[in-house]
Amino acid sequence: MNGSGAGRFDLAVVGAGIVGLAVARELMRRQPRLKVVVVDKEERVGAHQTGHNSGVVHAGIYYEPGSLKARLCVDGAARLSAFCEERGIALDRCGKLIVARSNDELGRLEELERRGRANGVPGLRRLDAAALREVEPHAVGVAALHSPNTAIVDFPAVARALADDVVAAGGTLALGREVVRVERRPAPIGIGGRSSRESEIVLHHPAAEPTIARRAIFCAGLWSDRLARAAGAAADPRIVPFRGQYLKLTPRAAPLVRGLIYPVPDPSLPFLGVHLTRHVSGEVWAGPTALLVGARDAYRLGRLDLADLRETLAWPGTWRVIARYWRSGADELRLAASRRAFAAACADYVPELKASDLLPGQAGVRAQAISRDGKLVDDFVFADAPDTLHVRNAPSPAATSALAIAGLIGDRAQESLGL
């Protein structure tokens, strides 16, 4: 399954997360003779955001109608459902409740309903306090939106199935090969029928022969901005890592949650707040928090990478975000520091939950793009550089949207890269 990555290819896809694998699969389906390699720094596929999320297949409720997220989430969820059915991967439509705790949140709930209906979210319905308890008997609130088609799935299993498709179509997985430098140089005359005007992309690795390709598509997640700059793209936006810690409910408390229970989110923030999520493992997760951290792979709270920290602190947008959202940051610190406070946030929606019902769970790191002027970039962002395409911002719902993102990238690659 794992190849060397040495030699010459028509296309190199950097990043073996769910988006990168979906992109490689899409282009190989369009051009079966294309010689493709997928390069990743880790020894397995889906090692970062793909393998460290809640597993929720989002329906498309939250996103501004007409945005890339709105269009690609709804399309991607449908494509993902069909793919899972074809490949025998369990996809559980356990449903989601977005719960308004008080009348003050009803206006925002109405806006979410408007967005969901405009985006074509199937089955969306408004519930009063009594009706929401029919869906989640232990939940409380004045009203809720119910999305019965919101689902959960094992995204790492989806990534592995996509990788199998890439290999079955003749592609190469070059795992354990970090890209430390990107070089664009003239291609040797006559290689692969190239003319003297052709160029090639050389991906340099620390302890392996370089990977050489006519074109490259970067789907590098937490490292997307760094590799985009290395390929000649703009510095803006910059990825700043936010660590999300989940706790899980004890076996005694897990039956208190049937599906997914979410708060009405703050529209100024890209994070959805503490919520309760039934996972494909059968566990129920609570969280996540959202803490600015000093490493792009800070799955352990004390993890520090000086290069990552320097880049975060040197970026002007970081300080503007801190100045603008310091109150939210203080709340997140309180939740991370106190299990009692975390439990109280959960009990706002399921009052029977107590601190003793929470156990340590998984952590993930969100690749949050921040612009130089301090805006938290919310929508997906794709960019071009010479002979390359870049996925610059692909936070949630990127896993849900991966197959639709691959279709969009495929169109752009055929147009701008000549693939």
# chains A, B, ... in the order shown; residues from 1 in each chain; ligands from 1
>>> closest_atom_pairs(of="stretch 21-127 of chain A", to="stretch 360-364 of chain A", cutoff="12 Å", atoms="only C-alpha atoms", output="Markdown table")
| residue | atom | partner | partner_atom | distance |
| --- | --- | --- | --- | --- |
| A:Ala47 | CA | A:Gly364 | CA | 10.6 |
| A:His48 | CA | A:Gly364 | CA | 7.7 |
| A:Gln49 | CA | A:Gly364 | CA | 6.8 |
| A:Thr50 | CA | A:Gly364 | CA | 9.5 |
| A:Gly51 | CA | A:Gly364 | CA | 8.3 |
| A:His52 | CA | A:Gly364 | CA | 4.8 |
| A:Asn53 | CA | A:Gly364 | CA | 6.3 |
| A:Ser54 | CA | A:Gly364 | CA | 9.1 |
| A:Gly55 | CA | A:Gly364 | CA | 11.8 |
>>> write_last_selection(atoms="N, CA and C atoms", output="mmCIF file, in the first residue's frame")
data_model
loop_
_atom_site.group_PDB
_atom_site.id
_atom_site.type_symbol
_atom_site.label_atom_id
_atom_site.label_comp_id
_atom_site.auth_asym_id
_atom_site.auth_seq_id
_atom_site.Cartn_x
_atom_site.Cartn_y
_atom_site.Cartn_z
ATOM 1 N N ALA A 47 -4.308 10.862 9.905
ATOM 2 C CA ALA A 47 -3.685 10.880 11.230
ATOM 3 C C ALA A 47 -4.003 12.125 12.044
ATOM 4 N N HIS A 48 -4.484 13.181 11.399
ATOM 5 C CA HIS A 48 -4.680 14.435 12.142
ATOM 6 C C HIS A 48 -6.163 14.800 12.226
ATOM 7 N N GLN A 49 -6.620 15.827 11.556
ATOM 8 C CA GLN A 49 -8.001 16.259 11.754
ATOM 9 C C GLN A 49 -9.013 15.174 11.378
ATOM 10 N N THR A 50 -8.710 14.373 10.350
ATOM 11 C CA THR A 50 -9.623 13.293 9.961
ATOM 12 C C THR A 50 -9.826 12.305 11.088
ATOM 13 N N GLY A 51 -8.762 12.029 11.845
ATOM 14 C CA GLY A 51 -8.827 11.032 12.901
ATOM 15 C C GLY A 51 -9.047 11.591 14.283
ATOM 16 N N HIS A 52 -9.266 12.899 14.394
ATOM 17 C CA HIS A 52 -9.431 13.509 15.716
ATOM 18 C C HIS A 52 -10.644 14.427 15.732
ATOM 19 N N ASN A 53 -11.755 13.989 15.141
ATOM 20 C CA ASN A 53 -12.973 14.803 15.189
ATOM 21 C C ASN A 53 -14.115 13.979 15.770
ATOM 22 N N SER A 54 -15.273 14.583 15.876
ATOM 23 C CA SER A 54 -16.402 13.946 16.567
ATOM 24 C C SER A 54 -17.085 12.888 15.717
ATOM 25 N N GLY A 55 -16.813 12.860 14.415
ATOM 26 C CA GLY A 55 -17.459 11.890 13.544
ATOM 27 C C GLY A 55 -18.833 12.317 13.062
#
>>> select_by_dssp(residues="stretch 75-224 of chain A", states="strand (DSSP E)", output="number ranges by chain")
A: 91-92, 96-100, 125-128, 143-147, 151-153, 172-174, 181-186, 199-205, 208-218
>>> residues_around(residues="A:Ala234", least_positions_apart="5", cutoff="9 Å", atoms="only C-alpha atoms", output="VMD selection string")
chain A and resid 225 228 to 229 383 385
>>> write_last_selection(atoms="C-alpha atoms", output="compact mmCIF listing (two decimals), in the first residue's frame")
# COMPACT_ATOMS: atom_id res chain seq x y z
CA ASP A 225 -0.31 27.72 5.06
CA ALA A 228 1.44 27.13 0.44
CA ARG A 229 4.05 29.77 1.21
CA ALA A 383 -5.86 29.28 -3.77
CA ALA A 385 0.22 29.26 -7.12
>>> residues_around(residues="A:Ala330", least_positions_apart="6", cutoff="12 Å", atoms="only C-alpha atoms", output="list in words")
Thr289, Ala290, Leu291, Leu292, Ile322, Ala323, Arg324, Ala336 and Ala337 of chain A
>>> write_last_selection(atoms="N, CA and C atoms", output="PDB file, in the first residue's frame")
ATOM      1  N   THR A 289     -13.588  21.871  23.996  1.00  0.00           N
ATOM      2  CA  THR A 289     -13.101  23.199  24.317  1.00  0.00           C
ATOM      3  C   THR A 289     -12.384  23.763  23.083  1.00  0.00           C
ATOM      4  N   ALA A 290     -11.916  24.986  23.152  1.00  0.00           N
ATOM      5  CA  ALA A 290     -11.193  25.596  22.026  1.00  0.00           C
ATOM      6  C   ALA A 290     -10.101  26.495  22.590  1.00  0.00           C
ATOM      7  N   LEU A 291      -8.909  25.920  22.767  1.00  0.00           N
ATOM      8  CA  LEU A 291      -7.789  26.641  23.366  1.00  0.00           C
ATOM      9  C   LEU A 291      -6.700  26.894  22.336  1.00  0.00           C
ATOM     10  N   LEU A 292      -6.235  28.131  22.248  1.00  0.00           N
ATOM     11  CA  LEU A 292      -5.071  28.449  21.439  1.00  0.00           C
ATOM     12  C   LEU A 292      -3.857  27.739  22.039  1.00  0.00           C
ATOM     13  N   ILE A 322      -6.917  37.727  19.768  1.00  0.00           N
ATOM     14  CA  ILE A 322      -6.854  37.698  21.236  1.00  0.00           C
ATOM     15  C   ILE A 322      -7.513  38.940  21.825  1.00  0.00           C
ATOM     16  N   ALA A 323      -7.225  40.102  21.234  1.00  0.00           N
ATOM     17  CA  ALA A 323      -7.809  41.353  21.745  1.00  0.00           C
ATOM     18  C   ALA A 323      -9.327  41.378  21.575  1.00  0.00           C
ATOM     19  N   ARG A 324      -9.802  40.793  20.488  1.00  0.00           N
ATOM     20  CA  ARG A 324     -11.235  40.844  20.184  1.00  0.00           C
ATOM     21  C   ARG A 324     -12.029  39.815  20.984  1.00  0.00           C
ATOM     22  N   ALA A 336     -11.665  24.344  30.387  1.00  0.00           N
ATOM     23  CA  ALA A 336     -10.564  23.379  30.297  1.00  0.00           C
ATOM     24  C   ALA A 336      -9.979  23.063  31.669  1.00  0.00           C
ATOM     25  N   ALA A 337     -10.029  24.038  32.558  1.00  0.00           N
ATOM     26  CA  ALA A 337      -9.392  23.872  33.867  1.00  0.00           C
ATOM     27  C   ALA A 337     -10.290  23.205  34.899  1.00  0.00           C
TER      28      ALA A 337
END
>>> closest_residue(among="A:Pro351, A:Pro148, A:Gly107, A:Pro267", to="A:Leu124", atoms="only C-alpha atoms")
A:Pro148
>>> residues_around(residues="stretch 312-320 of chain A", least_positions_apart="4", cutoff="6 Å", atoms="only C-alpha atoms", output="PDB file with C-alpha atoms, in the first residue's frame")
ATOM      1  CA  VAL A 240      -3.357  29.063  14.058  1.00  0.00           C
ATOM      2  CA  SER A 371      -6.335  36.726   8.287  1.00  0.00           C
ATOM      3  CA  ARG A 372      -3.727  39.417   8.863  1.00  0.00           C
ATOM      4  CA  ASP A 373      -6.427  41.835  10.025  1.00  0.00           C
ATOM      5  CA  GLY A 374      -7.568  39.406  12.732  1.00  0.00           C
TER       6      GLY A 374
END
>>> select_by_dssp(residues="stretch 335-367 of chain A", states="helix (DSSP H, G or I)", output="PyMOL selection string")
chain A and resi 335-337+339-347+355-357
>>> write_last_selection(atoms="C-alpha atoms", output="PDB file, in the first residue's frame")
ATOM      1  CA  LEU A 335     -13.921  25.032  30.972  1.00  0.00           C
ATOM      2  CA  ALA A 336     -10.564  23.379  30.297  1.00  0.00           C
ATOM      3  CA  ALA A 337      -9.392  23.872  33.867  1.00  0.00           C
ATOM      4  CA  ARG A 339     -14.458  19.597  35.185  1.00  0.00           C
ATOM      5  CA  ARG A 340     -17.171  21.048  37.374  1.00  0.00           C
ATOM      6  CA  ALA A 341     -17.522  24.050  35.028  1.00  0.00           C
ATOM      7  CA  PHE A 342     -17.493  21.713  32.026  1.00  0.00           C
ATOM      8  CA  ALA A 343     -20.234  19.592  33.582  1.00  0.00           C
ATOM      9  CA  ALA A 344     -22.284  22.717  34.323  1.00  0.00           C
ATOM     10  CA  ALA A 345     -22.096  23.699  30.637  1.00  0.00           C
ATOM     11  CA  CYS A 346     -23.397  20.232  29.710  1.00  0.00           C
ATOM     12  CA  ALA A 347     -26.097  20.382  32.391  1.00  0.00           C
ATOM     13  CA  ALA A 355     -18.974  16.248  37.084  1.00  0.00           C
ATOM     14  CA  SER A 356     -18.688  12.608  38.199  1.00  0.00           C
ATOM     15  CA  ASP A 357     -20.333  11.570  34.903  1.00  0.00           C
TER      16      ASP A 357
END
>>> residues_around(residues="A:Ala413", least_positions_apart="3", cutoff="10 Å", atoms="only C-alpha atoms", output="ChimeraX atom specification")
/A:23,27,215-217,384,387-389,407-410,416-419
>>> write_last_selection(atoms="C-alpha atoms", output="PDB file, in the first residue's frame")
ATOM      1  CA  VAL A  23      -9.013  14.689  -4.354  1.00  0.00           C
ATOM      2  CA  LEU A  27      -8.788  13.027 -10.413  1.00  0.00           C
ATOM      3  CA  ARG A 215       1.632  19.452 -10.826  1.00  0.00           C
ATOM      4  CA  ALA A 216       0.819  19.382  -7.123  1.00  0.00           C
ATOM      5  CA  ILE A 217      -2.301  19.878  -5.026  1.00  0.00           C
ATOM      6  CA  ASP A 384      -3.543  28.976  -6.755  1.00  0.00           C
ATOM      7  CA  ASP A 387       1.598  24.733 -11.128  1.00  0.00           C
ATOM      8  CA  THR A 388      -0.102  24.111  -7.782  1.00  0.00           C
ATOM      9  CA  LEU A 389      -3.481  24.338  -6.052  1.00  0.00           C
ATOM     10  CA  GLY A 407     -15.234  17.588  -7.226  1.00  0.00           C
ATOM     11  CA  LEU A 408     -14.576  21.328  -7.017  1.00  0.00           C
ATOM     12  CA  ILE A 409     -10.809  20.827  -6.852  1.00  0.00           C
ATOM     13  CA  GLY A 410     -11.047  18.436  -9.801  1.00  0.00           C
ATOM     14  CA  SER A 416      -5.811  25.758 -14.189  1.00  0.00           C
ATOM     15  CA  LEU A 417      -3.344  22.861 -14.017  1.00  0.00           C
ATOM     16  CA  GLY A 418      -4.213  21.212 -17.304  1.00  0.00           C
ATOM     17  CA  LEU A 419      -4.837  17.805 -15.721  1.00  0.00           C
TER      18      LEU A 419
END
>>> residues_around(residues="A:Leu109", least_positions_apart="3", cutoff="8 Å", atoms="only C-alpha atoms", output="list in words")
Ile98, Ala100, Glu105, Leu106, Leu112, Glu113, Ala144, Leu145 and Val264 of chain A
>>> write_last_selection(atoms="C-alpha atoms", output="short mmCIF file (atom, residue, chain, number, x, y, z; two decimals), in the first residue's frame")
data_model
loop_
_atom_site.label_atom_id
_atom_site.label_comp_id
_atom_site.auth_asym_id
_atom_site.auth_seq_id
_atom_site.Cartn_x
_atom_site.Cartn_y
_atom_site.Cartn_z
CA ILE A 98 -29.98 22.50 18.36
CA ALA A 100 -32.37 27.24 22.66
CA GLU A 105 -31.71 32.63 21.82
CA LEU A 106 -34.88 32.29 19.74
CA LEU A 112 -30.40 28.89 11.77
CA GLU A 113 -33.75 27.56 10.59
CA ALA A 144 -35.11 23.45 19.29
CA LEU A 145 -34.33 22.67 15.69
CA VAL A 264 -27.32 27.69 19.56
#
>>> atom_distance(atom1="atom CA of A:Asp308", atom2="atom CA of A:Phe218")
19.0 Å
>>> atom_distance(atom1="atom CA of A:Gly282", atom2="atom CA of A:Lys248")
10.6 Å
>>> closest_residue(among="A:Ser281, A:Gln414, A:Asn119, A:Ser401", to="A:Leu11", atoms="only C-alpha atoms")
A:Gln414
